[in-house]
2 protein chains.
Amino acid sequence: MDIKAYMQTVGQQAKAASRAIARADTNAKNKALTVMAQAILRDQAKLLAANAQDMEAARARGLDSALLDRLELTEKGVAGMAEGLLQIAALPDPVGEITGLNYRPSGIQVGKMRVPLGVIGIIYEARPNVTADAAALCLKSGNASILRGGSEALNSNQAIAACVREGLAAAGLPETAVQVIETADRAAVGELITMREFVDVIVPRGGKGLIERLIAEARIPVIKHLHGVCHVYIDDKGDLEKAIRIADNAKTQRYGTCNTMETLLVAEAVASTVLPKLCRIYLDKGVELRGCPAARAIVAEMNAASEEDWHTEYLAPILSIRVVKDMDQAIEHINTYSSQHTEAIVTEDYSRARRFLREVDSSSVMVNASTRFADGFEYGLGAEIGISTDKIHARGPVGLEGLTSQKFIVLGEGHVRG
Amino acid sequence: MDIKAYMQTVGQQAKAASRAIARADTNAKNKALTVMAQAILRDQAKLLAANAQDMEAARARGLDSALLDRLELTEKGVAGMAEGLLQIAALPDPVGEITGLNYRPSGIQVGKMRVPLGVIGIIYEARPNVTADAAALCLKSGNASILRGGSEALNSNQAIAACVREGLAAAGLPETAVQVIETADRAAVGELITMREFVDVIVPRGGKGLIERLIAEARIPVIKHLHGVCHVYIDDKGDLEKAIRIADNAKTQRYGTCNTMETLLVAEAVASTVLPKLCRIYLDKGVELRGCPAARAIVAEMNAASEEDWHTEYLAPILSIRVVKDMDQAIEHINTYSSQHTEAIVTEDYSRARRFLREVDSSSVMVNASTRFADGFEYGLGAEIGISTDKIHARGPVGLEGLTSQKFIVLGEGHVRG
């Protein structure tokens with residue numbers, strides 16, 4: 001297979017389809033999504049069989065259990081995929097919204113219209129449910145998409161792609177509006193991220209290796225999620241019951257998610273009150289604690305934290321803890337070590353809450369709430385394609401709106417510039 | 001001079017200053033801008049003397065008159081710079097605006113806060129007025145900036161930079177919040193566009209060579225303006241008087257601007273009515289016409305347009321003209337050849353106007369108005385740092401809002417995720 005020629009064809013087809021998808025009306029897009037959901041439910045046996053093939057090959061290659069977990073498709077997983085498609089069909093259509101149409105002194109009326117980005121390339125791990133999810137989000141936001149899932153999920157993804165194409169066809173939309181790459185060859189990624197003439201934006205959903213590769217090699221704008229080194233700061237004006245509840249939840253509700261707290265900062269004035277209770281909870285749940293000297297002086301069952309720890313996204317039952325002088329030092333620590341994903345303060349002090357909200361430069365900044373809320377569903381976006389830790393375009397959870405942008409529209413009656 | 005070490009220092013200082021600028025209140029930023037304007041007026045003689053040095057060196061090197069034009073600073077130019085600073089001081093502060101703060105079923109309240117991007121690197125030609133303008137736009141939007149102007153303007157830019165620093169100091173803001181690169185060495189650009197740890201976004205204002213270099217070499221997001229191949233389509237349902245007025249203005253009001261029409265498309269049903277009158281106007285103004293065979297059959301004084309012409313941004317009194325069957329063919333032509341900058345339709349047909357607005361994928365799309373309106377001042381943005389032909393982040397004229405993004409904020413009362 002000539003990967004370059006194959007990808008060029010995929011790119012050309014996506015670009016051509018993107019025009020039809022951009023102008024598709026809401027009904028057509030929703031019909032496509034609904035038929036996709038029906039096809040996925042009807043083809044459940046086929047999907048599970050294709051997935052069983054993938055699982056067998058993955059086991060034979062000795063892949064680790066985390067990967068197998070993500071790869072596996074169950075009956076419940078299939079139902080969840082179909083349900084996800086229907087949820088996206090039910091979301092408002094972001095395309096075409098006109099805002100701020102105001103008259104200017106020259107007599108022209110100027111406003112903005114929300115429009116699709118064009119062709120979106122999505123690169124993700126071997127998680128078959130992402131195929132349906134990403135296809136649906138791109139379609140509903142009026143974009144054509146090129147989906148490149150982890151090679152271990154090739155059979156599963158092709159089975160899902162057949163359902164996606166059936167939905168597009170049923171709605172009279174071009175089947176090439178969603179293309180799932182049919183080769184496991186990694187060279188396809190290299191082509192995808194440099195086809196400037198066909199692809200408008202790349203959204204990676206993968207590990208740091210992929211992101212670093214994109215930063216070095218991509219010639220197309222990337223909406224990316226680097227990593228999640230999230231902090232909770234317990235202020236000395238914080239309600240300590242809330243503090244314990246939030247710090248517990250932010251770490252232990254799920255260990256492996258990007259919005260999980262990785263470093264706890266505690267004001268020194270309350271450290272000896274709050275840390276013993278809180279650390280008891282962590283230790284009872286089997287969380288390894290790594291602290292600064294001041295924290296270790298309060299709780300003995302704590303290993304020493306190294307400089308490396310403050311930078312680390314554990315994604316595991318490990319927590320680093322630092323006692324800080326005050327909020328200023330907490331903000332300084334966050335601005336130094338945070339990945340600018342999500343940070344929270346626990347405080348009852350009005351002015352400090354306002355300052356923390358303004359001065360912490362992360363994609364989500366919270367007062368008296370768990371970092372675990374940083375999520376498209378929790379924020380009411382309906383669904384998310386990922387969480388951006390970039391500073392331009394979209395920050396935080398990226399939903400349908402994040403897959404669009406705004407162009408200017410000008411309405412005149414023969415107006416010319418003087 | 002060790003360029004790498006120098007640029008690292010500049011980058012570190014900018015990053016450090018960006019925090020202070022991000023939290024600077026509106027009064028402080030406006031005071032800095034006002035003092036800058038006063039200093040520029042007071043130092044007029046110094047600025048003109050520095051500029052005279054630059055002009056002399058440029059003439060000695062035999063640089064062309066277009067460059068000399070852009071480089072020259074006059075008394076009026078200095079007054080204009082100061083006036084521009086005061087206008088930016090008078091604009092509303094975009095930073096900190098909170099929108100859409102709604103309660104979610106979980107009980108948390110989620111909204112967005114507008115925030116600066118951080119450190120902005122601006123690369124521009126030898127136009128001293130851009131130094132003041134770019135410094136002011138970045139400052140008012142809460143960003144630190146690193147300005148790298150054309151080397152021919154080095155003395156002029158350093159004189160302006162002194163006024164900028166005076167303004168920052170007077171307002172108690174770090175003088176490193178605006179840094180004007182002090183070397184003409186082009187290696188400085190290479191450093192600027194790859195210092196990921198210090199620079200958040202690059203805004204180039206320059207020719208295609210610069211943009212191509214950035215696409216290849218930048219490791220930082222770029223808000224860019226590729227070029228302006230702008231179209232006017234005269235529909236057969238268009239008011240022909242408006243059509244002539246708009247098509248005349250779009251081409252001849254100024255030849256060298258990016259929003260000037262470069263290709264005129266005319267529906268065949270009205271071509272023989274509208275083209276003779278319109279081409280008479282162009283020819284009387286000395287515009288060279290290059291047409292398709294159908295256009296040349298109507299107006300004899302027209303050269304043959306080549307395929308290359310449809311792609312070309314002339315920035316000169318040259319116009320390519322094509323007769324098209326209908327609006328569909330016009331949109332097809334635009335989607336093939338346009339640089340997605342600005343396109344206009346002249347029509348009185350409601351449905352076609354709506355379709356053109358939706359289906360033309362350019363940063364500005366107009367009905368019955370001249371493409372020359374595509375400009376930050378005309379759109380009411382107050383000022384612009386440039387016009388983006390990108391599809392993510394900001395499209396079209398980029399003002400203060402385009403130099404910011406939105407983060408999520410979450411307000412809770414001890415809420416945790418269940």
# chains A, B, ... in the order shown; residues from 1 in each chain; ligands from 1
$ residues_around --residues "Gly228 in chain A" --least-positions-apart "6" --cutoff "12 Å" --atoms "only C-alpha atoms" --output "PyMOL selection string"
chain A and resi 207-208+255-263+310-315+337-343+362-364+371-372+374+387-389+396
$ residues_around --residues "range 31-41 of chain B" --least-positions-apart "4" --cutoff "7 Å" --atoms "only C-alpha atoms" --output "PyMOL selection string"
chain B and resi 27+78-79+82+85-86+89+136+163-164+166-168+170-171
$ select_by_dssp --residues "range 181-287 of chain B" --states "strand (DSSP E or B)" --output "PDB file with C-alpha atoms, in the first residue's frame"
ATOM      1  CA  VAL B 201       1.561  32.847  20.257  1.00  0.00           C
ATOM      2  CA  ILE B 202       3.260  34.440  17.268  1.00  0.00           C
ATOM      3  CA  VAL B 203       1.548  37.098  15.159  1.00  0.00           C
ATOM      4  CA  PRO B 204       3.442  37.758  11.933  1.00  0.00           C
ATOM      5  CA  ARG B 205       2.737  40.877   9.928  1.00  0.00           C
ATOM      6  CA  VAL B 222       0.671  31.326  14.906  1.00  0.00           C
ATOM      7  CA  CYS B 230     -10.600  38.766  -2.581  1.00  0.00           C
ATOM      8  CA  HIS B 231     -13.620  38.391  -4.895  1.00  0.00           C
ATOM      9  CA  VAL B 232     -16.747  40.326  -5.748  1.00  0.00           C
ATOM     10  CA  TYR B 233     -19.528  38.356  -7.466  1.00  0.00           C
ATOM     11  CA  ILE B 234     -22.127  40.339  -9.390  1.00  0.00           C
ATOM     12  CA  MET B 261     -10.713  42.861  -4.838  1.00  0.00           C
ATOM     13  CA  GLU B 262      -8.373  40.937  -7.130  1.00  0.00           C
ATOM     14  CA  THR B 263     -10.925  38.954  -9.144  1.00  0.00           C
ATOM     15  CA  LEU B 264     -14.368  40.059 -10.341  1.00  0.00           C
ATOM     16  CA  LEU B 265     -16.949  37.370 -11.094  1.00  0.00           C
ATOM     17  CA  VAL B 266     -20.006  38.326 -13.158  1.00  0.00           C
ATOM     18  CA  ALA B 267     -23.108  36.247 -13.876  1.00  0.00           C
TER      19      ALA B 267
END
$ closest_residue --among "A:Ala316, A:Ser106, A:Ser151, A:Ala184" --to "chain B" --atoms "only C-alpha atoms"
A:Ser106
$ closest_residue --among "B:Leu91, B:Leu210, B:Val119, B:Val410" --to "chain A" --atoms "only C-alpha atoms"
B:Val410
$ atom_distance --atom1 "CA of Thr273 in chain A" --atom2 "CA of Ile298 in chain A"
9.3 Å
